[in-house]
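Structure file data36.pdb (PDB, C-alpha atoms) follows.
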```pdb
ATOM      1  CA  MET A 165       8.536 -50.813 -18.294  1.00  0.00           C
ATOM      2  CA  ARG A 166      10.494 -50.304 -15.100  1.00  0.00           C
ATOM      3  CA  ARG A 167      11.385 -46.859 -16.222  1.00  0.00           C
ATOM      4  CA  GLY A 168       7.712 -45.883 -16.541  1.00  0.00           C
ATOM      5  CA  ARG A 169       7.029 -46.973 -12.966  1.00  0.00           C
ATOM      6  CA  ALA A 170       9.998 -45.002 -11.669  1.00  0.00           C
ATOM      7  CA  SER A 171       8.806 -41.883 -13.473  1.00  0.00           C
ATOM      8  CA  ARG A 172       5.281 -42.284 -12.131  1.00  0.00           C
ATOM      9  CA  ARG A 173       6.629 -42.927  -8.649  1.00  0.00           C
ATOM     10  CA  THR A 174       8.836 -39.807  -8.877  1.00  0.00           C
ATOM     11  CA  LEU A 175       5.878 -37.745 -10.021  1.00  0.00           C
ATOM     12  CA  LEU A 176       3.737 -39.156  -7.234  1.00  0.00           C
ATOM     13  CA  HIS A 177       6.382 -38.285  -4.645  1.00  0.00           C
ATOM     14  CA  ALA A 178       6.722 -34.789  -6.070  1.00  0.00           C
ATOM     15  CA  ALA A 179       2.958 -34.284  -5.993  1.00  0.00           C
ATOM     16  CA  LEU A 180       2.815 -35.490  -2.393  1.00  0.00           C
ATOM     17  CA  ALA A 181       5.653 -33.147  -1.442  1.00  0.00           C
ATOM     18  CA  VAL A 182       3.902 -30.179  -3.041  1.00  0.00           C
ATOM     19  CA  GLY A 183       0.651 -31.171  -1.350  1.00  0.00           C
ATOM     20  CA  SER A 184       2.427 -31.333   2.002  1.00  0.00           C
ATOM     21  CA  LEU A 185       3.913 -27.869   1.478  1.00  0.00           C
ATOM     22  CA  ILE A 186       0.503 -26.470   0.588  1.00  0.00           C
ATOM     23  CA  ALA A 187      -0.957 -28.011   3.742  1.00  0.00           C
ATOM     24  CA  ILE A 188       1.840 -26.523   5.858  1.00  0.00           C
ATOM     25  CA  PHE A 189       1.929 -23.145   4.096  1.00  0.00           C
ATOM     26  CA  PRO A 190      -1.600 -22.549   2.757  1.00  0.00           C
ATOM     27  CA  ALA A 191      -0.893 -18.869   2.083  1.00  0.00           C
ATOM     28  CA  ALA A 192       1.692 -19.905  -0.515  1.00  0.00           C
ATOM     29  CA  ALA A 193      -1.033 -21.677  -2.454  1.00  0.00           C
ATOM     30  CA  GLU A 194      -3.313 -18.630  -2.524  1.00  0.00           C
ATOM     31  CA  ALA A 195      -2.788 -15.166  -3.879  1.00  0.00           C
ATOM     32  CA  ALA A 196      -0.770 -13.168  -1.386  1.00  0.00           C
ATOM     33  CA  GLU A 197      -2.956 -11.346   1.111  1.00  0.00           C
ATOM     34  CA  PRO A 198      -2.024  -7.727   1.754  1.00  0.00           C
ATOM     35  CA  HIS A 199      -0.143  -6.892   4.910  1.00  0.00           C
ATOM     36  CA  ARG A 200      -2.414  -5.066   7.375  1.00  0.00           C
ATOM     37  CA  LEU A 201      -1.277  -2.517   9.940  1.00  0.00           C
ATOM     38  CA  ALA A 202      -3.383  -0.442  12.331  1.00  0.00           C
ATOM     39  CA  LEU A 203      -1.724   2.517  14.003  1.00  0.00           C
ATOM     40  CA  GLN A 204      -3.145   3.941  17.232  1.00  0.00           C
ATOM     41  CA  ILE A 205      -2.942   7.630  18.093  1.00  0.00           C
ATOM     42  CA  SER A 206      -4.495   8.601  21.405  1.00  0.00           C
ATOM     43  CA  ASP A 207      -2.237  11.440  22.554  1.00  0.00           C
ATOM     44  CA  ASP A 208      -2.631  15.123  21.732  1.00  0.00           C
ATOM     45  CA  ASP A 209       1.056  15.331  20.875  1.00  0.00           C
ATOM     46  CA  PRO A 210       2.187  16.628  17.470  1.00  0.00           C
ATOM     47  CA  VAL A 211       5.446  14.649  17.771  1.00  0.00           C
ATOM     48  CA  LYS A 212       3.492  11.389  18.136  1.00  0.00           C
ATOM     49  CA  MET A 213       1.121  12.397  15.329  1.00  0.00           C
ATOM     50  CA  ARG A 214       4.089  12.967  13.015  1.00  0.00           C
ATOM     51  CA  ALA A 215       5.542   9.619  14.163  1.00  0.00           C
ATOM     52  CA  VAL A 216       2.300   7.852  13.162  1.00  0.00           C
ATOM     53  CA  LEU A 217       2.447   9.446   9.712  1.00  0.00           C
ATOM     54  CA  ASP A 218       6.146   8.584   9.393  1.00  0.00           C
ATOM     55  CA  VAL A 219       5.461   4.938  10.253  1.00  0.00           C
ATOM     56  CA  ALA A 220       2.573   4.779   7.774  1.00  0.00           C
ATOM     57  CA  ALA A 221       4.703   6.267   4.998  1.00  0.00           C
ATOM     58  CA  ASN A 222       7.712   4.050   5.761  1.00  0.00           C
ATOM     59  CA  VAL A 223       5.693   0.830   5.914  1.00  0.00           C
ATOM     60  CA  SER A 224       3.814   1.723   2.739  1.00  0.00           C
ATOM     61  CA  ARG A 225       7.066   2.448   0.875  1.00  0.00           C
ATOM     62  CA  HIS A 226       8.707  -0.714   2.212  1.00  0.00           C
ATOM     63  CA  TYR A 227       6.027  -3.071   0.942  1.00  0.00           C
ATOM     64  CA  SER A 228       5.393  -1.263  -2.338  1.00  0.00           C
ATOM     65  CA  GLY A 229       9.160  -1.436  -2.949  1.00  0.00           C
ATOM     66  CA  GLN A 230       8.888  -5.211  -2.604  1.00  0.00           C
ATOM     67  CA  GLY A 231       5.889  -5.349  -4.922  1.00  0.00           C
ATOM     68  CA  GLU A 232       3.569  -6.284  -2.052  1.00  0.00           C
ATOM     69  CA  ASP A 233       0.304  -4.711  -0.946  1.00  0.00           C
ATOM     70  CA  VAL A 234      -0.244  -3.187   2.474  1.00  0.00           C
ATOM     71  CA  GLU A 235      -3.365  -1.703   4.041  1.00  0.00           C
ATOM     72  CA  ILE A 236      -2.855   0.799   6.841  1.00  0.00           C
ATOM     73  CA  ALA A 237      -5.524   2.208   9.152  1.00  0.00           C
ATOM     74  CA  VAL A 238      -4.833   5.033  11.587  1.00  0.00           C
ATOM     75  CA  VAL A 239      -7.302   4.994  14.480  1.00  0.00           C
ATOM     76  CA  ALA A 240      -7.528   8.198  16.527  1.00  0.00           C
ATOM     77  CA  PHE A 241      -9.269   8.620  19.874  1.00  0.00           C
ATOM     78  CA  ASN A 242      -8.936  10.685  23.047  1.00  0.00           C
ATOM     79  CA  GLY A 243      -6.403  13.490  22.532  1.00  0.00           C
ATOM     80  CA  GLY A 244      -5.160  11.897  19.329  1.00  0.00           C
ATOM     81  CA  LEU A 245      -8.411  12.834  17.619  1.00  0.00           C
ATOM     82  CA  ASP A 246      -7.093  16.391  17.199  1.00  0.00           C
ATOM     83  CA  MET A 247      -4.896  14.967  14.450  1.00  0.00           C
ATOM     84  CA  LEU A 248      -8.003  14.466  12.271  1.00  0.00           C
ATOM     85  CA  LEU A 249      -9.861  17.690  13.065  1.00  0.00           C
ATOM     86  CA  ASP A 250     -10.089  20.240  10.273  1.00  0.00           C
ATOM     87  CA  ASP A 251      -9.946  23.260  12.574  1.00  0.00           C
ATOM     88  CA  ARG A 252      -6.949  22.277  14.734  1.00  0.00           C
ATOM     89  CA  SER A 253      -4.856  19.433  13.360  1.00  0.00           C
ATOM     90  CA  PRO A 254      -1.169  20.205  13.927  1.00  0.00           C
ATOM     91  CA  VAL A 255      -0.363  17.904  10.973  1.00  0.00           C
ATOM     92  CA  ARG A 256      -3.193  19.090   8.733  1.00  0.00           C
ATOM     93  CA  GLU A 257      -1.189  19.772   5.567  1.00  0.00           C
ATOM     94  CA  ARG A 258       0.645  16.462   5.682  1.00  0.00           C
ATOM     95  CA  LEU A 259      -2.559  14.582   6.476  1.00  0.00           C
ATOM     96  CA  VAL A 260      -4.341  16.163   3.495  1.00  0.00           C
ATOM     97  CA  ASN A 261      -1.444  15.004   1.292  1.00  0.00           C
ATOM     98  CA  PHE A 262      -1.768  11.468   2.687  1.00  0.00           C
ATOM     99  CA  LEU A 263      -5.479  11.422   1.921  1.00  0.00           C
ATOM    100  CA  LYS A 264      -4.784  12.484  -1.672  1.00  0.00           C
ATOM    101  CA  SER A 265      -1.742  10.376  -2.478  1.00  0.00           C
ATOM    102  CA  MET A 266      -1.926   7.214  -0.350  1.00  0.00           C
ATOM    103  CA  PRO A 267      -5.175   5.338  -1.000  1.00  0.00           C
ATOM    104  CA  ASN A 268      -3.895   2.359   1.011  1.00  0.00           C
ATOM    105  CA  VAL A 269      -3.887   4.484   4.204  1.00  0.00           C
ATOM    106  CA  SER A 270      -7.214   5.239   5.892  1.00  0.00           C
ATOM    107  CA  PHE A 271      -7.999   7.344   8.943  1.00  0.00           C
ATOM    108  CA  ILE A 272     -10.675   6.488  11.489  1.00  0.00           C
ATOM    109  CA  ALA A 273     -11.993   8.865  14.147  1.00  0.00           C
ATOM    110  CA  CYS A 274     -13.597   7.721  17.395  1.00  0.00           C
ATOM    111  CA  GLY A 275     -17.265   8.705  17.505  1.00  0.00           C
ATOM    112  CA  ASN A 276     -17.325   8.683  21.312  1.00  0.00           C
ATOM    113  CA  THR A 277     -14.480  11.207  21.439  1.00  0.00           C
ATOM    114  CA  LEU A 278     -16.275  13.355  18.850  1.00  0.00           C
ATOM    115  CA  GLU A 279     -19.431  13.311  21.005  1.00  0.00           C
ATOM    116  CA  THR A 280     -17.435  14.253  24.102  1.00  0.00           C
ATOM    117  CA  LEU A 281     -15.863  17.200  22.265  1.00  0.00           C
ATOM    118  CA  ALA A 282     -19.264  18.254  20.908  1.00  0.00           C
ATOM    119  CA  ALA A 283     -20.711  18.312  24.431  1.00  0.00           C
ATOM    120  CA  LYS A 284     -17.721  20.280  25.725  1.00  0.00           C
ATOM    121  CA  GLU A 285     -17.538  22.780  22.866  1.00  0.00           C
ATOM    122  CA  GLY A 286     -21.221  23.115  22.022  1.00  0.00           C
ATOM    123  CA  ARG A 287     -20.679  21.812  18.479  1.00  0.00           C
ATOM    124  CA  ARG A 288     -19.211  18.773  16.830  1.00  0.00           C
ATOM    125  CA  PRO A 289     -15.721  19.674  15.612  1.00  0.00           C
ATOM    126  CA  PRO A 290     -15.298  19.207  11.854  1.00  0.00           C
ATOM    127  CA  LEU A 291     -13.237  16.308  10.569  1.00  0.00           C
ATOM    128  CA  LEU A 292     -10.971  16.626   7.571  1.00  0.00           C
ATOM    129  CA  GLU A 293     -12.618  15.373   4.396  1.00  0.00           C
ATOM    130  CA  GLY A 294     -12.070  11.661   3.824  1.00  0.00           C
ATOM    131  CA  ILE A 295     -11.998  10.618   7.491  1.00  0.00           C
ATOM    132  CA  SER A 296     -14.331   7.811   8.548  1.00  0.00           C
ATOM    133  CA  VAL A 297     -15.905   7.430  11.989  1.00  0.00           C
ATOM    134  CA  ALA A 298     -16.189   4.345  14.174  1.00  0.00           C
ATOM    135  CA  GLN A 299     -18.508   4.549  17.169  1.00  0.00           C
ATOM    136  CA  VAL A 300     -15.736   3.369  19.517  1.00  0.00           C
ATOM    137  CA  GLY A 301     -12.113   3.787  18.436  1.00  0.00           C
ATOM    138  CA  VAL A 302     -10.716   1.120  20.745  1.00  0.00           C
ATOM    139  CA  ALA A 303     -13.386  -1.341  19.610  1.00  0.00           C
ATOM    140  CA  ALA A 304     -12.376  -0.609  16.000  1.00  0.00           C
ATOM    141  CA  LEU A 305      -8.802  -1.565  16.911  1.00  0.00           C
ATOM    142  CA  MET A 306     -10.064  -4.733  18.599  1.00  0.00           C
ATOM    143  CA  VAL A 307     -12.020  -5.736  15.492  1.00  0.00           C
ATOM    144  CA  LEU A 308      -8.941  -5.177  13.335  1.00  0.00           C
ATOM    145  CA  ALA A 309      -6.802  -7.231  15.751  1.00  0.00           C
ATOM    146  CA  GLU A 310      -9.365 -10.034  15.631  1.00  0.00           C
ATOM    147  CA  LYS A 311      -8.992  -9.982  11.833  1.00  0.00           C
ATOM    148  CA  ASN A 312      -5.223 -10.446  12.229  1.00  0.00           C
ATOM    149  CA  TRP A 313      -4.201  -6.831  11.658  1.00  0.00           C
ATOM    150  CA  THR A 314      -0.990  -5.841  13.428  1.00  0.00           C
ATOM    151  CA  ILE A 315      -1.668  -3.071  15.966  1.00  0.00           C
ATOM    152  CA  VAL A 316       1.135  -0.599  16.715  1.00  0.00           C
ATOM    153  CA  ARG A 317       1.223   2.481  18.908  1.00  0.00           C
ATOM    154  CA  PRO A 318       4.240   4.515  17.777  1.00  0.00           C
TER     155      PRO A 318
END
```
If you took the structure in this file and wrote it as structure tokens, what would it be?
Amino acid sequence: MRRGRASRRTLLHAALAVGSLIAIFPAAAEAAEPHRLALQISDDDPVKMRAVLDVAANVSRHYSGQGEDVEIAVVAFNGGLDMLLDDRSPVRERLVNFLKSMPNVSFIACGNTLETLAAKEGRRPPLLEGISVAQVGVAALMVLAEKNWTIVRP
């Protein structure tokens, strides 16, 4: 009889320990959330544009190599918007390859910057196919940060 109580007590202690761990580390109890990274590009500098793409590729490879999911958003505004423009992107070919082969990486253009360019140039410059538009690029980054995305400006 004593043995039965000891076994129940051991099980109770184990259950309490597991419950405590779940309370301390709730993410361990749920399915793993994907890692989320937002990359800012605001400079009309091909070196920085290539750096953003390098970071996106490296982070994507790192987590996929560990069997983990990662979502990456590249947000372009000001001079960095040129990266996403069909008629002038200095990284056009590489960006097209990203859009085809890396579904976990998305690209977001700032609508305000597009409107400014349209007013300056007399027409809205064309975006590469597959690029989404946020009305305000910086606000898009703020929303992502508020949702616990990591924001990096390479």
Please, which residues in stretch 183-251 of chain A fall within 6 Å of stretch 290-302 of chain A when counting only C-alpha atoms, and what is the closest atom pair and distance in Å to one decimal for each, ordered by chain then residue number, as a Markdown table?
```
| residue | atom | partner | partner_atom | distance |
| --- | --- | --- | --- | --- |
| A:Phe241 | CA | A:Gly301 | CA | 5.8 |
| A:Leu248 | CA | A:Leu291 | CA | 5.8 |
| A:Leu249 | CA | A:Leu291 | CA | 4.4 |
| A:Asp250 | CA | A:Leu292 | CA | 4.6 |
```
field: Spatial neighbours of stretch 303-308 of chain A, 12 Å, all atoms listed in the file, chain gap at least 3 places, as JSON, numbers by chain
entry: {"A": [200, 201, 202, 203, 204, 205, 206, 235, 236, 237, 238, 239, 240, 241, 271, 272, 273, 274, 275, 276, 296, 297, 298, 299, 300, 311, 312, 313, 314, 315, 316, 317]}
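All residues of protein, DNA or RNA that reach within 12 Å of A:Ser228, judged by only C-alpha atoms and not counting those fewer than 5 positions away in the chain, are Pro198, His199, Ala221, Asn222, Val223, Asp233, Val234, Glu235, Met266 and Asn268 of chain A.
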Emit the selected residues as a compact mmCIF listing (two decimals), keeping the file's coordinate frame, including C-alpha atoms.
```txt
# COMPACT_ATOMS: atom_id res chain seq x y z
CA PRO A 198 -2.02 -7.73 1.75
CA HIS A 199 -0.14 -6.89 4.91
CA ALA A 221 4.70 6.27 5.00
CA ASN A 222 7.71 4.05 5.76
CA VAL A 223 5.69 0.83 5.91
CA ASP A 233 0.30 -4.71 -0.95
CA VAL A 234 -0.24 -3.19 2.47
CA GLU A 235 -3.36 -1.70 4.04
CA MET A 266 -1.93 7.21 -0.35
CA ASN A 268 -3.90 2.36 1.01
```
The centre and edge lengths of an axis-aligned box containing all atoms of stretch 236-243 of chain A present in the file, extended by 8 Å on each side, are to be given in Å to one decimal, as AutoDock Vina command-line options.
```
--center_x -6.1 --center_y 7.1 --center_z 14.9 --size_x 22.4 --size_y 28.7 --size_z 32.2
```
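Distance-wise, atom CA of A:Val255 and atom CA of A:Ser270 end up 15.3 Å apart.
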Coords for stretch 200-222 of chain A, N, CA and C atoms, as a short mmCIF file (atom, residue, chain, number, x, y, z; two decimals), in the first residue's frame:
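Generated file (decode_24.cif):
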```cif
data_model
loop_
_atom_site.label_atom_id
_atom_site.label_comp_id
_atom_site.auth_asym_id
_atom_site.auth_seq_id
_atom_site.Cartn_x
_atom_site.Cartn_y
_atom_site.Cartn_z
N ARG A 200 10.52 35.64 -36.84
CA ARG A 200 10.03 36.71 -37.73
C ARG A 200 11.05 37.84 -37.75
N LEU A 201 11.50 38.18 -38.95
CA LEU A 201 12.51 39.21 -39.14
C LEU A 201 12.03 40.20 -40.19
N ALA A 202 12.11 41.49 -39.86
CA ALA A 202 11.82 42.54 -40.84
C ALA A 202 13.12 43.29 -41.10
N LEU A 203 13.44 43.43 -42.37
CA LEU A 203 14.64 44.13 -42.78
C LEU A 203 14.26 45.46 -43.42
N GLN A 204 14.89 46.52 -42.97
CA GLN A 204 14.62 47.87 -43.49
C GLN A 204 15.67 48.23 -44.53
N ILE A 205 15.20 48.76 -45.67
CA ILE A 205 16.10 49.36 -46.65
C ILE A 205 15.54 50.73 -47.00
N SER A 206 16.31 51.76 -46.67
CA SER A 206 15.85 53.12 -46.93
C SER A 206 16.89 53.94 -47.67
N ASP A 207 17.98 53.30 -48.07
CA ASP A 207 19.05 54.00 -48.79
C ASP A 207 19.13 53.53 -50.23
N ASP A 208 19.32 54.47 -51.14
CA ASP A 208 19.52 54.14 -52.55
C ASP A 208 20.99 53.78 -52.75
N ASP A 209 21.36 52.62 -52.21
CA ASP A 209 22.74 52.16 -52.23
C ASP A 209 22.74 50.68 -52.58
N PRO A 210 23.22 50.33 -53.77
CA PRO A 210 23.23 48.92 -54.18
C PRO A 210 23.97 48.00 -53.20
N VAL A 211 25.00 48.51 -52.54
CA VAL A 211 25.73 47.69 -51.56
C VAL A 211 24.81 47.33 -50.40
N LYS A 212 24.03 48.29 -49.91
CA LYS A 212 23.10 48.01 -48.82
C LYS A 212 21.96 47.11 -49.28
N MET A 213 21.52 47.29 -50.52
CA MET A 213 20.45 46.43 -51.06
C MET A 213 20.93 44.99 -51.12
N ARG A 214 22.15 44.79 -51.60
CA ARG A 214 22.71 43.43 -51.63
C ARG A 214 22.87 42.88 -50.22
N ALA A 215 23.25 43.75 -49.27
CA ALA A 215 23.40 43.30 -47.87
C ALA A 215 22.06 42.82 -47.32
N VAL A 216 20.98 43.53 -47.63
CA VAL A 216 19.64 43.11 -47.18
C VAL A 216 19.31 41.72 -47.74
N LEU A 217 19.58 41.52 -49.02
CA LEU A 217 19.30 40.22 -49.63
C LEU A 217 20.20 39.13 -49.04
N ASP A 218 21.46 39.48 -48.77
CA ASP A 218 22.36 38.50 -48.14
C ASP A 218 21.85 38.09 -46.77
N VAL A 219 21.44 39.08 -45.97
CA VAL A 219 20.92 38.77 -44.63
C VAL A 219 19.68 37.89 -44.73
N ALA A 220 18.77 38.23 -45.62
CA ALA A 220 17.55 37.43 -45.79
C ALA A 220 17.89 35.99 -46.16
N ALA A 221 18.80 35.82 -47.10
CA ALA A 221 19.18 34.47 -47.53
C ALA A 221 19.87 33.71 -46.40
N ASN A 222 20.78 34.37 -45.69
CA ASN A 222 21.52 33.70 -44.61
C ASN A 222 20.60 33.29 -43.47
#
```
